[in-house]
$ cat my_file-v8.txt   # compact mmCIF, C-alpha atoms
# COMPACT_ATOMS: atom_id res chain seq x y z
CA MET E 3 0.59 19.78 -0.95
CA TYR E 4 1.63 20.18 2.70
CA LEU E 5 3.48 16.87 2.70
CA ILE E 6 5.15 17.59 -0.64
CA SER E 7 6.65 20.77 0.84
CA LEU E 8 8.04 18.71 3.72
CA ASN E 9 9.35 15.91 1.53
CA SER E 10 12.83 17.33 1.17
CA TYR E 11 13.46 16.73 4.87
CA GLY E 12 12.86 12.99 4.63
CA ALA E 13 13.68 10.63 7.48
CA SER E 14 17.25 10.47 8.63
CA LYS E 15 19.11 7.20 8.89
CA ILE E 16 20.27 6.64 12.45
CA SER E 17 23.63 5.03 13.06
CA LEU E 18 23.69 1.79 15.02
CA LYS E 19 24.93 2.00 18.59
CA GLU E 20 24.71 0.03 21.79
CA THR E 21 21.08 -0.03 22.90
CA PRO E 22 19.22 -2.22 25.40
CA GLN E 23 17.64 -5.23 23.73
CA PRO E 24 14.05 -5.60 24.96
CA PHE E 25 12.19 -8.78 24.05
CA ILE E 26 10.58 -8.58 20.59
CA SER E 27 7.87 -10.88 19.25
CA ILE E 28 7.70 -11.24 15.44
CA HIS E 29 4.15 -11.94 14.27
CA ILE E 30 3.55 -13.65 10.92
CA ALA E 31 -0.13 -14.11 10.08
CA ALA E 32 -0.60 -16.35 7.03
CA CYS E 33 -3.65 -17.46 5.08
CA SER E 34 -3.44 -19.68 1.97
CA GLU E 35 0.13 -18.68 1.14
CA PRO E 36 2.64 -20.63 -1.00
CA VAL E 37 4.57 -23.00 1.27
CA ASN E 38 8.03 -22.09 -0.03
CA ASP E 39 7.44 -18.36 0.44
CA VAL E 40 6.38 -18.77 4.07
CA ILE E 41 9.31 -21.07 4.85
CA LYS E 42 11.75 -18.57 3.34
CA THR E 43 10.18 -15.85 5.47
CA ILE E 44 10.56 -17.91 8.65
CA LYS E 45 14.16 -18.83 7.80
CA ALA E 46 15.14 -15.20 7.30
CA ALA E 47 13.34 -14.13 10.48
CA ALA E 48 15.12 -16.86 12.46
CA ARG E 49 18.57 -15.64 11.37
CA GLN E 50 18.50 -12.34 13.25
CA ASP E 51 21.61 -11.14 15.04
CA TYR E 52 19.29 -9.85 17.76
CA LYS E 53 19.24 -11.92 20.96
CA ASN E 54 15.89 -11.45 22.66
CA TYR E 55 13.10 -12.38 20.30
CA GLU E 56 10.59 -15.03 19.25
CA ILE E 57 8.62 -15.76 16.10
CA ILE E 58 4.91 -16.55 16.16
CA VAL E 59 3.49 -18.01 12.95
CA LEU E 60 -0.31 -18.08 12.91
CA TYR E 61 -1.81 -19.89 9.93
CA ASN E 62 -5.52 -19.16 9.81
CA ASN E 63 -8.69 -19.91 7.85
CA THR E 64 -6.94 -22.32 5.48
CA ASP E 65 -8.75 -25.58 4.71
CA ASP E 66 -5.99 -27.03 2.54
CA ARG E 67 -3.70 -28.91 4.93
CA LYS E 68 -1.06 -29.15 2.20
CA LEU E 69 -0.43 -25.43 2.66
CA TRP E 70 0.09 -25.29 6.42
CA LYS E 71 1.16 -28.83 7.46
CA PRO E 72 4.64 -28.59 5.85
CA ILE E 73 5.17 -25.26 7.60
CA GLU E 74 4.13 -26.72 10.94
CA ALA E 75 6.63 -29.55 10.45
CA PHE E 76 9.36 -27.11 9.44
CA CYS E 77 8.81 -24.90 12.50
CA GLU E 78 9.35 -27.83 14.88
CA PHE E 79 13.07 -27.74 14.08
CA ILE E 80 13.58 -23.96 14.20
CA PRO E 81 14.46 -22.40 17.56
CA ARG E 82 12.38 -19.42 18.70
CA VAL E 83 9.50 -20.30 16.36
CA LYS E 84 6.01 -21.12 17.61
CA PHE E 85 3.51 -22.36 15.03
CA TYR E 86 -0.27 -22.26 15.44
CA ASN E 87 -3.15 -23.09 13.13
CA ARG E 88 -6.56 -21.59 13.73
CA ASP E 89 -9.86 -21.91 11.89
CA ASN E 90 -12.80 -19.52 11.91
CA VAL E 91 -10.67 -16.50 12.73
CA ALA E 92 -12.84 -13.39 12.52
CA ASP E 93 -11.84 -9.88 11.43
CA TYR E 94 -9.33 -10.96 8.78
CA LYS E 95 -5.67 -9.96 9.33
CA ALA E 96 -6.45 -7.78 12.35
CA GLY E 97 -8.18 -10.71 14.03
CA ALA E 98 -5.20 -12.98 13.38
CA LEU E 99 -2.74 -10.41 14.73
CA ASN E 100 -4.85 -9.99 17.87
CA ILE E 101 -4.65 -13.74 18.43
CA CYS E 102 -0.86 -13.49 18.08
CA ARG E 103 -0.88 -10.89 20.86
CA GLY E 104 -2.43 -13.44 23.20
CA LEU E 105 0.17 -16.07 22.30
CA MET E 106 3.34 -14.03 22.70
CA ASN E 107 5.87 -14.31 25.51
CA PRO E 108 4.81 -12.30 28.61
CA ARG E 109 8.22 -10.59 28.54
CA THR E 110 7.48 -9.01 25.16
CA GLU E 111 7.95 -5.23 25.08
CA PHE E 112 7.70 -4.74 21.32
CA LEU E 113 6.00 -6.71 18.57
CA PHE E 114 7.07 -6.69 14.95
CA THR E 115 4.60 -7.45 12.16
CA LEU E 116 5.86 -9.30 9.11
CA ASP E 117 3.95 -10.38 6.01
CA ALA E 118 4.32 -14.04 5.09
CA ASP E 119 6.26 -13.28 1.89
CA TYR E 120 8.84 -10.88 3.36
CA LEU E 121 12.51 -11.71 3.86
CA LEU E 122 14.24 -9.84 6.67
CA SER E 123 17.87 -8.83 6.56
CA PRO E 124 19.89 -10.47 9.40
CA ASN E 125 20.21 -7.18 11.27
CA ALA E 126 16.58 -6.09 10.81
CA LEU E 127 15.58 -6.28 14.48
CA THR E 128 18.82 -4.63 15.59
CA ILE E 129 18.20 -1.72 13.22
CA ALA E 130 14.54 -1.50 14.27
CA ASN E 131 15.38 -1.56 17.98
CA ASN E 132 18.12 1.07 17.65
CA ASN E 133 15.91 3.34 15.57
CA ILE E 134 12.84 3.18 17.79
CA HIS E 135 14.93 4.01 20.86
CA ALA E 136 16.84 6.77 19.08
CA GLN E 137 13.63 8.40 17.86
CA GLY E 138 11.80 7.83 21.15
CA VAL E 139 8.56 6.77 19.47
CA ASP E 140 5.96 4.10 20.25
CA LEU E 141 5.66 2.76 16.70
CA LEU E 142 8.26 2.71 13.95
CA GLN E 143 7.49 1.99 10.30
CA PHE E 144 10.00 0.87 7.68
CA PRO E 145 9.48 1.12 3.91
CA GLN E 146 8.18 -1.81 1.92
CA ALA E 147 10.49 -3.05 -0.81
CA TYR E 148 10.35 -5.99 -3.21
CA THR E 149 12.51 -8.76 -4.63
CA ASN E 150 10.68 -9.63 -7.86
CA HIS E 151 11.52 -6.76 -10.17
CA SER E 152 14.34 -5.25 -12.15
CA LYS E 153 16.05 -2.06 -10.98
CA GLU E 154 13.82 0.36 -12.87
CA ASN E 155 10.48 -1.43 -12.82
CA GLY E 156 7.82 1.28 -13.06
CA LEU E 157 5.41 -0.48 -10.70
CA ALA E 158 8.10 -0.87 -8.04
CA LEU E 159 8.91 2.82 -8.38
CA GLU E 160 5.23 3.70 -8.01
CA PHE E 161 5.01 1.64 -4.80
CA GLU E 162 8.16 3.29 -3.52
CA HIS E 163 6.86 6.81 -4.13
CA TYR E 164 4.44 6.46 -1.21
CA PHE E 165 7.27 6.02 1.27
CA LYS E 166 9.57 8.59 -0.31
CA LEU E 167 6.87 11.25 -0.29
CA TYR E 168 4.06 10.56 2.16
CA SER E 169 5.78 8.48 4.86
CA ALA E 170 9.01 10.48 4.89
CA ALA E 171 7.25 13.84 5.04
CA ALA E 172 4.69 12.79 7.66
CA GLY E 173 7.47 11.03 9.55
CA SER E 174 9.23 14.35 10.04
CA LEU E 175 6.10 15.33 12.01
CA ASN E 176 5.83 11.95 13.79
CA MET E 177 2.46 11.43 12.10
CA ASN E 178 3.18 8.83 9.41
CA LEU E 179 0.74 5.93 9.27
CA PRO E 180 1.87 2.29 9.59
CA THR E 181 1.55 0.14 6.47
CA GLY E 182 1.01 -3.35 7.85
CA THR E 183 4.37 -5.06 7.56
CA LEU E 184 7.85 -4.17 8.86
CA THR E 185 6.16 -2.37 11.74
CA LEU E 186 7.65 -2.29 15.26
CA VAL E 187 5.20 -1.23 17.96
CA ASN E 188 5.32 -0.88 21.74
CA VAL E 189 3.06 -3.54 23.27
CA LYS E 190 1.82 -1.30 26.11
CA CYS E 191 0.85 1.36 23.62
CA LEU E 192 -0.96 -1.17 21.42
CA ASP E 193 -2.76 -2.61 24.45
CA SER E 194 -3.85 0.87 25.51
CA ILE E 195 -6.16 1.05 22.48
CA GLY E 196 -7.35 -2.55 22.78
CA GLY E 197 -5.09 -4.11 20.16
CA TRP E 198 -5.44 -4.14 16.39
CA PRO E 199 -8.59 -2.30 15.26
CA THR E 200 -11.09 -4.33 13.25
CA THR E 201 -13.23 -1.45 11.94
CA SER E 202 -11.38 -1.00 8.63
CA ILE E 203 -9.97 -3.45 6.08
CA THR E 204 -6.76 -1.40 6.23
CA GLU E 205 -6.21 -2.13 9.90
CA ASP E 206 -2.70 -0.72 9.75
CA ALA E 207 -3.72 2.83 8.80
CA PHE E 208 -6.64 2.74 11.23
CA LEU E 209 -4.21 1.65 13.95
CA GLY E 210 -2.12 4.74 13.30
CA ILE E 211 -5.13 7.02 13.77
CA GLU E 212 -6.09 5.33 17.04
CA LEU E 213 -2.53 5.52 18.39
CA LEU E 214 -2.28 9.23 17.61
CA LYS E 215 -5.67 9.83 19.24
CA ASN E 216 -4.27 8.12 22.35
CA ASN E 217 -1.16 10.36 22.42
CA CYS E 218 1.17 7.62 21.19
CA SER E 219 3.96 8.67 18.86
CA ILE E 220 4.78 7.24 15.42
CA GLY E 221 8.10 7.42 13.59
CA TYR E 222 9.53 6.46 10.22
CA SER E 223 12.92 5.11 9.18
CA ASP E 224 13.97 4.87 5.54
CA ASN E 225 16.25 1.88 6.16
CA ILE E 226 15.39 -1.10 3.93
CA ILE E 227 15.28 -4.04 6.36
CA GLY E 228 13.14 -6.48 4.37
CA ARG E 229 11.75 -7.24 0.93
CA GLY E 230 8.58 -8.98 -0.16
CA ILE E 231 6.82 -10.06 -3.35
CA MET E 232 4.84 -7.42 -5.21
CA PRO E 233 1.78 -8.41 -7.30
CA SER E 234 2.65 -9.83 -10.70
CA SER E 235 -0.78 -10.05 -12.31
CA ALA E 236 -3.35 -7.40 -13.21
CA ARG E 237 -5.99 -9.16 -11.12
CA ASP E 238 -3.87 -9.32 -7.96
CA LEU E 239 -2.68 -5.73 -8.30
CA LYS E 240 -6.25 -4.54 -8.76
CA THR E 241 -7.42 -6.52 -5.73
CA GLN E 242 -4.67 -5.05 -3.57
CA ARG E 243 -5.16 -1.50 -4.77
CA MET E 244 -8.94 -1.59 -4.32
CA ARG E 245 -8.51 -2.91 -0.76
CA TRP E 246 -6.11 -0.08 0.06
CA ILE E 247 -8.40 2.56 -1.45
CA PHE E 248 -11.62 1.37 0.17
CA GLY E 249 -10.01 0.73 3.56
CA ASN E 250 -8.27 4.08 3.53
CA PHE E 251 -11.54 5.81 2.69
CA GLN E 252 -13.16 4.07 5.66
CA THR E 253 -10.34 5.49 7.76
CA ILE E 254 -10.70 8.97 6.22
CA ILE E 255 -14.35 9.09 7.32
CA HIS E 256 -13.33 7.97 10.81
CA THR E 257 -10.60 10.62 10.93
CA LEU E 258 -12.98 13.38 9.88
CA ARG E 259 -15.46 12.40 12.58
CA THR E 260 -12.98 12.32 15.45
CA THR E 261 -12.85 15.35 17.71
CA VAL E 262 -9.55 14.46 19.39
CA LEU E 263 -7.19 15.35 16.54
CA SER E 264 -6.46 18.90 15.42
CA ASN E 265 -7.34 20.08 11.92
CA ARG E 266 -3.61 20.24 11.13
CA ALA E 267 -3.15 16.62 12.19
CA LYS E 268 -6.21 15.56 10.20
CA SER E 269 -4.86 17.23 7.06
CA VAL E 270 -1.54 15.38 7.35
CA LEU E 271 -3.27 12.05 7.97
CA ILE E 272 -5.88 12.43 5.23
CA THR E 273 -3.15 13.38 2.75
CA GLN E 274 -1.54 9.98 3.40
CA LEU E 275 -4.85 8.13 3.32
CA SER E 276 -5.82 9.70 -0.01
CA SER E 277 -2.52 8.87 -1.74
CA TRP E 278 -4.15 6.21 -3.95
CA LEU E 279 -7.44 8.10 -4.45
CA ASN E 280 -8.36 10.77 -6.98
CA LEU E 281 -11.36 12.95 -7.84
CA ASN E 282 -11.43 12.37 -11.60
CA GLY E 283 -14.44 10.06 -11.57
CA LEU E 284 -17.16 12.60 -12.33
CA ALA E 285 -15.05 14.32 -14.98
CA TRP E 286 -14.60 11.02 -16.84
CA ILE E 287 -18.31 10.24 -16.61
CA TYR E 288 -19.23 13.67 -17.97
CA LEU E 289 -16.82 13.31 -20.88
CA ILE E 290 -18.09 9.84 -21.78
CA ILE E 291 -21.76 10.83 -21.59
CA ILE E 292 -21.27 14.04 -23.57
CA GLY E 293 -19.22 12.21 -26.17
CA LEU E 294 -21.79 9.45 -26.61
CA LEU E 295 -24.74 11.86 -26.74
CA ALA E 296 -23.05 14.52 -28.87
CA PRO E 297 -24.55 13.30 -32.19
CA VAL E 298 -28.11 13.75 -30.88
CA TYR E 299 -27.83 16.34 -28.13
CA ARG E 300 -25.62 19.34 -27.54
CA ASN E 301 -26.04 22.93 -26.37
CA THR E 302 -23.94 25.84 -25.16
CA THR E 303 -23.42 24.14 -21.79
CA THR E 304 -21.77 21.13 -23.41
CA LEU E 305 -18.59 23.00 -24.31
CA THR E 306 -18.26 24.37 -20.78
CA ILE E 307 -18.65 20.93 -19.18
CA VAL E 308 -16.07 19.39 -21.52
CA PHE E 309 -13.62 22.21 -20.81
CA LEU E 310 -14.06 22.00 -17.02
CA SER E 311 -13.78 18.20 -17.04
CA LEU E 312 -10.55 18.31 -19.02
CA PHE E 313 -9.25 21.06 -16.72
CA VAL E 314 -9.85 18.88 -13.63
CA ILE E 315 -8.12 15.89 -15.21
CA GLY E 316 -5.27 18.03 -16.53
CA PHE E 317 -4.69 19.80 -13.21
CA HIS E 318 -4.55 16.47 -11.38
CA SER E 319 -2.16 15.00 -13.96
CA VAL E 320 0.24 17.96 -13.86
CA PHE E 321 0.17 18.08 -10.06
CA GLN E 322 0.98 14.35 -9.85
CA LEU E 323 3.80 14.64 -12.38
CA ILE E 324 5.38 17.50 -10.42
CA ALA E 325 5.11 15.45 -7.23
CA PHE E 326 6.81 12.46 -8.84
CA LYS E 327 9.56 14.67 -10.25
CA ARG E 328 10.14 16.15 -6.79
CA ILE E 329 10.42 12.66 -5.29
CA TRP E 330 12.90 11.20 -7.76
CA GLY E 331 14.79 14.28 -8.88
CA ASN E 332 15.02 12.97 -12.45
CA TRP E 333 12.49 12.73 -15.25
CA ARG E 334 13.25 9.10 -16.10
CA HIS E 335 12.03 7.68 -12.79
CA ALA E 336 9.35 10.35 -12.47
CA ILE E 337 7.72 9.48 -15.79
CA LYS E 338 8.00 5.71 -15.22
CA SER E 339 6.28 5.82 -11.82
CA TYR E 340 3.81 8.51 -12.91
CA THR E 341 2.77 6.43 -15.93
CA ILE E 342 1.96 3.44 -13.70
CA HIS E 343 0.04 5.76 -11.38
CA ILE E 344 -2.13 6.81 -14.34
CA ALA E 345 -2.69 3.16 -15.25
CA ASN E 346 -4.18 2.54 -11.79
CA SER E 347 -6.18 5.76 -11.64
CA VAL E 348 -9.58 4.25 -12.50
CA GLU E 349 -9.53 2.22 -9.27
CA GLY E 350 -8.51 5.38 -7.44
CA ALA E 351 -11.43 7.31 -8.93
CA TYR E 352 -14.28 4.88 -8.35
CA THR E 353 -13.46 2.28 -5.66
CA TRP E 354 -14.17 4.65 -2.79
CA TRP E 355 -17.60 5.43 -4.22
CA GLY E 356 -18.66 1.98 -3.05
CA TYR E 357 -18.59 3.24 0.53
CA VAL E 358 -21.96 4.89 -0.08
CA ILE E 359 -23.53 1.49 -0.82
CA ASP E 360 -21.56 -0.86 1.44
CA ARG E 361 -19.45 0.49 4.29
CA ASP E 362 -18.20 -2.93 5.41
CA ARG E 363 -16.59 -4.45 2.36
CA PRO E 364 -14.82 -7.77 3.15
CA PHE E 365 -11.03 -8.04 3.19
CA ALA E 366 -9.79 -9.27 -0.20
CA ARG E 367 -6.45 -11.07 -0.05
CA THR E 368 -3.71 -10.53 -2.61
CA SER E 369 -2.79 -13.97 -3.92
CA LYS E 370 0.92 -14.83 -3.98
CA PHE E 371 0.44 -17.88 -6.21
CA ALA E 372 1.83 -17.49 -9.71
CA ARG E 373 -0.67 -16.71 -12.45
CA SER E 374 -0.59 -15.08 -15.87
CA VAL E 375 -0.40 -11.29 -16.07
CA GLY E 376 -3.88 -11.23 -17.57
CA ILE E 377 -5.85 -8.41 -19.16
CA ASP E 378 -8.19 -6.07 -17.31
CA THR E 379 -11.31 -6.10 -19.48
CA GLU E 380 -12.89 -3.24 -17.54
CA GLN E 381 -9.90 -1.03 -18.31
CA ILE E 382 -10.14 -1.87 -22.02
CA ILE E 383 -13.84 -0.94 -22.07
CA PHE E 384 -13.18 2.28 -20.15
CA ASN E 385 -10.34 3.39 -22.43
CA SER E 386 -12.44 2.52 -25.50
CA LEU E 387 -15.26 4.75 -24.23
CA ILE E 388 -12.81 7.61 -23.67
CA LEU E 389 -11.45 7.21 -27.22
CA LEU E 390 -14.96 7.09 -28.70
CA SER E 391 -15.95 10.17 -26.71
CA ALA E 392 -12.84 12.00 -27.90
CA LEU E 393 -13.81 11.27 -31.50
CA GLN E 394 -17.38 12.48 -31.00
CA ILE E 395 -16.29 15.63 -29.16
CA TYR E 396 -13.83 16.37 -31.99
CA VAL E 397 -16.56 16.02 -34.61
CA GLN E 398 -19.58 17.42 -32.79
CA VAL E 399 -18.36 19.81 -30.07
CA ASP E 400 -14.86 21.28 -30.41
CA LYS E 401 -11.87 20.05 -32.40
CA VAL E 402 -9.21 21.32 -29.97
CA LEU E 403 -10.87 19.75 -26.92
CA GLY E 404 -11.40 16.55 -28.89
CA ILE E 405 -7.69 16.38 -29.76
CA ILE E 406 -6.74 17.00 -26.11
CA LEU E 407 -9.03 14.21 -24.91
CA PHE E 408 -7.77 11.90 -27.66
CA GLY E 409 -4.19 12.54 -26.54
CA TYR E 410 -5.15 11.80 -22.95
CA ALA E 411 -6.86 8.56 -24.01
CA LEU E 412 -3.72 7.47 -25.86
CA THR E 413 -1.65 8.29 -22.77
CA ARG E 414 -3.91 6.06 -20.68
CA ALA E 415 -3.61 3.23 -23.21
CA PHE E 416 0.18 3.59 -23.17
CA SER E 417 0.17 3.56 -19.36
CA ARG E 418 -1.67 0.23 -19.35
CA PHE E 419 0.93 -1.18 -21.72
CA CYS E 420 3.68 0.01 -19.34
CA LEU E 421 1.87 -1.60 -16.41
CA TYR E 422 1.61 -4.88 -18.33
CA HIS E 423 5.36 -4.71 -18.99
CA SER E 424 6.07 -4.06 -15.28
CA LEU E 425 3.89 -6.99 -14.20
CA LYS E 426 5.57 -9.22 -16.78
CA ASN E 427 8.96 -8.19 -15.41
CA ALA E 428 7.77 -9.07 -11.91
CA GLN E 429 6.76 -12.54 -13.12
CA VAL E 430 10.09 -13.12 -14.85
CA THR E 431 12.01 -12.37 -11.65
CA ILE E 432 9.59 -13.94 -9.17
CA ASN E 433 11.20 -17.38 -9.41
CA LYS E 434 14.74 -16.10 -9.01
CA SER E 435 16.64 -16.24 -5.76
CA GLN E 436 15.15 -14.01 -3.06
CA THR E 437 18.44 -13.43 -1.29
CA ILE E 438 18.38 -9.90 0.12
CA SER E 439 21.26 -7.54 -0.43
CA LEU E 440 20.86 -4.69 2.03
$ encode --input "my_file-v8.txt" --output "structure tokens"
Amino acid sequence: MYLISLNSYGASKISLKETPQPFISIHIAACSEPVNDVIKTIKAAARQDYKNYEIIVLYNNTDDRKLWKPIEAFCEFIPRVKFYNRDNVADYKAGALNICRGLMNPRTEFLFTLDADYLLSPNALTIANNNIHAQGVDLLQFPQAYTNHSKENGLALEFEHYFKLYSAAAGSLNMNLPTGTLTLVNVKCLDSIGGWPTTSITEDAFLGIELLKNNCSIGYSDNIIGRGIMPSSARDLKTQRMRWIFGNFQTIIHTLRTTVLSNRAKSVLITQLSSWLNLNGLAWIYLIIIGLLAPVYRNTTTLTIVFLSLFVIGFHSVFQLIAFKRIWGNWRHAIKSYTIHIANSVEGAYTWWGYVIDRDRPFARTSKFARSVGIDTEQIIFNSLILLSALQIYVQVDKVLGIILFGYALTRAFSRFCLYHSLKNAQVTINKSQTISL
């Protein structure tokens, strides 16, 4: 709520002007990525109009030589690029990025993280350097954007809502959290906390917490300086979203336990970390259990539980819709992105529960290799249970509440159809030219 009230301020675009050009090291950590995607990323990174920079490509934990050998050969002919291959790298992406720190030029003042499927605009480093000096911060985050979608793809809009709402609002307070790629950070500041943290599988968000605890400042710029490839299958999207949710919950627990940050700072940070989470899990479980048991068991408490469960779900849904409307300013984009958000809400409700059982879940990569959109069987089963419960509640408990739940179940089914359409659109455009127009 606090960040939504600040959202209208956003993050101002800063005009380019003459600024000193400190040495910047671009770090690309890759693991089992498509060869063509990585080569395109390196090509775009090597075409910067910035003078003082290098590119470090660290391929790690990849047994298939066909994936990294062509990239090694390609890098031999590209100025500024240093290629390395490492096996048995611990701590996932954070571990790879920490190795990159040890390989960079001693003159490096800033490092810039770049995912292996992202294409930088030619003036990306110039914009980043000008912005970080103009804002006077130690870390500067740019929004993630994508190449493989049409203009009004609902999934792309849902991704974008995080930056338009959470990053922009928190950025106005210099408390926005980094998001892993398109991040420019002061090397001395990063070294002051011992490098990339390895405690959470969302090392980027955890890094932001540690920097703020160490009195480093974080800024946000809404300039689009690079575009990547968003997931184009249900399986890959689910893998990515569950990693974000679980890792962010790890970071939430860490944030709550720290005594360095103020309660105000914690509230701003936890609001960002909980952007993909929701508290609907228990309400759904209650509705399913009551619906399934209604033919054989019901009492006066049943009606109250159904009503309260629907109230929780309804309040969350209305609040989210208002937030999306505030972000986009029009109902078309608001409903498109909100619908996709509903489609992914089951992961948001239950993934973080796993923290109680296993606090150290391994890092699950999002595959960039093409695959069919696929069908999420778990989602089909879940929606079927909601529909069945709605029918039983209509017959056995209360007709009005049953109709409301039935309408909600149909909305969820429609949202999954919209998500399938968005993923299909991403697949159709994934093989098109990835030339960036910025």
$ residues_around --input "my_file-v8.txt" --residues "stretch 184-195 of chain E" --least-positions-apart "4" --cutoff "9 Å" --atoms "all atoms listed in the file" --output "PyMOL selection string"
chain E and resi 26+28+103+110-117+120+122+127+130-131+134+139-146+180+199+209+212-213+216+218+220+227-228
$ write_last_selection --input "my_file-v8.txt" --atoms "C-alpha atoms" --output "tab-separated table (two decimals), in the coordinates of the input"
chain	number	residue	atom	x	y	z
E	26	ILE	CA	10.58	-8.58	20.59
E	28	ILE	CA	7.70	-11.24	15.44
E	103	ARG	CA	-0.88	-10.89	20.86
E	110	THR	CA	7.48	-9.01	25.16
E	111	GLU	CA	7.95	-5.23	25.08
E	112	PHE	CA	7.70	-4.74	21.32
E	113	LEU	CA	6.00	-6.71	18.57
E	114	PHE	CA	7.07	-6.69	14.95
E	115	THR	CA	4.60	-7.45	12.16
E	116	LEU	CA	5.86	-9.30	9.11
E	117	ASP	CA	3.95	-10.38	6.01
E	120	TYR	CA	8.84	-10.88	3.36
E	122	LEU	CA	14.24	-9.84	6.67
E	127	LEU	CA	15.58	-6.28	14.48
E	130	ALA	CA	14.54	-1.50	14.27
E	131	ASN	CA	15.38	-1.56	17.98
E	134	ILE	CA	12.84	3.18	17.79
E	139	VAL	CA	8.56	6.77	19.47
E	140	ASP	CA	5.96	4.10	20.25
E	141	LEU	CA	5.66	2.76	16.70
E	142	LEU	CA	8.26	2.71	13.95
E	143	GLN	CA	7.49	1.99	10.30
E	144	PHE	CA	10.00	0.87	7.68
E	145	PRO	CA	9.48	1.12	3.91
E	146	GLN	CA	8.18	-1.81	1.92
E	180	PRO	CA	1.87	2.29	9.59
E	199	PRO	CA	-8.59	-2.30	15.26
E	209	LEU	CA	-4.21	1.65	13.95
E	212	GLU	CA	-6.09	5.33	17.04
E	213	LEU	CA	-2.53	5.52	18.39
E	216	ASN	CA	-4.27	8.12	22.35
E	218	CYS	CA	1.17	7.62	21.19
E	220	ILE	CA	4.78	7.24	15.42
E	227	ILE	CA	15.28	-4.04	6.36
E	228	GLY	CA	13.14	-6.48	4.37
$ closest_residue --input "my_file-v8.txt" --among "E:Tyr340, E:Lys95, E:Val37, E:Thr257" --to "E:Ala75" --atoms "all atoms listed in the file"
E:Val37
$ residues_around --input "my_file-v8.txt" --residues "E:Asn62" --least-positions-apart "6" --cutoff "9 Å" --atoms "only C-alpha atoms" --output "number ranges by chain"
E: 31-34, 70, 86-91, 98
$ write_last_selection --input "my_file-v8.txt" --atoms "C-alpha atoms" --output "compact mmCIF listing (two decimals), in the frame of the given file"
# COMPACT_ATOMS: atom_id res chain seq x y z
CA ALA E 31 -0.13 -14.11 10.08
CA ALA E 32 -0.60 -16.35 7.03
CA CYS E 33 -3.65 -17.46 5.08
CA SER E 34 -3.44 -19.68 1.97
CA TRP E 70 0.09 -25.29 6.42
CA TYR E 86 -0.27 -22.26 15.44
CA ASN E 87 -3.15 -23.09 13.13
CA ARG E 88 -6.56 -21.59 13.73
CA ASP E 89 -9.86 -21.91 11.89
CA ASN E 90 -12.80 -19.52 11.91
CA VAL E 91 -10.67 -16.50 12.73
CA ALA E 98 -5.20 -12.98 13.38
$ closest_residue --input "my_file-v8.txt" --among "E:Thr260, E:Gln322, E:Thr200, E:Thr413" --to "E:Pro364" --atoms "all atoms listed in the file"
E:Thr200
$ closest_residue --input "my_file-v8.txt" --among "E:Pro124, E:Gly249, E:Gly197, E:Gly230" --to "E:Ala46" --atoms "all atoms listed in the file"
E:Pro124
$ atom_distance --input "my_file-v8.txt" --atom1 "atom CA of E:Arg373" --atom2 "atom CA of E:Lys68"
19.2 Å
$ residues_around --input "my_file-v8.txt" --residues "stretch 349-361 of chain E" --least-positions-apart "5" --cutoff "6 Å" --atoms "all atoms listed in the file" --output "list in words"
Phe248, Trp278, Leu279, Asn280, Leu281, Asn282 and Gly283 of chain E
$ residues_around --input "my_file-v8.txt" --residues "E:Thr241" --least-positions-apart "3" --cutoff "7 Å" --atoms "only C-alpha atoms" --output "list in words"
Arg237, Asp238, Met244, Arg245, Ala366 and Thr368 of chain E
$ atom_distance --input "my_file-v8.txt" --atom1 "atom CA of E:Asp39" --atom2 "atom CA of E:Phe165"
24.4 Å
$ closest_residue --input "my_file-v8.txt" --among "E:Phe208, E:Ile30, E:Pro81, E:His343" --to "E:Thr183" --atoms "all atoms listed in the file"
E:Ile30
$ decode --input "my_file-v8.txt" --residues "stretch 378-396 of chain E" --atoms "C-alpha atoms" --output "compact mmCIF listing (two decimals), in the first residue's frame"
# COMPACT_ATOMS: atom_id res chain seq x y z
CA ASP E 378 0.24 -27.42 -16.15
CA THR E 379 -1.53 -30.52 -14.84
CA GLU E 380 -1.41 -29.29 -11.24
CA GLN E 381 -3.29 -26.14 -12.24
CA ILE E 382 -5.96 -28.20 -14.01
CA ILE E 383 -6.46 -30.37 -10.92
CA PHE E 384 -6.58 -27.32 -8.65
CA ASN E 385 -9.14 -25.48 -10.79
CA SER E 386 -11.23 -28.66 -11.06
CA LEU E 387 -11.32 -28.95 -7.26
CA ILE E 388 -12.42 -25.31 -6.97
CA LEU E 389 -15.21 -25.90 -9.51
CA LEU E 390 -16.35 -29.07 -7.74
CA SER E 391 -16.32 -27.26 -4.39
CA ALA E 392 -18.35 -24.41 -5.86
CA LEU E 393 -20.98 -26.89 -7.03
CA GLN E 394 -21.16 -28.60 -3.64
CA ILE E 395 -21.31 -25.30 -1.74
CA TYR E 396 -24.13 -24.17 -4.06
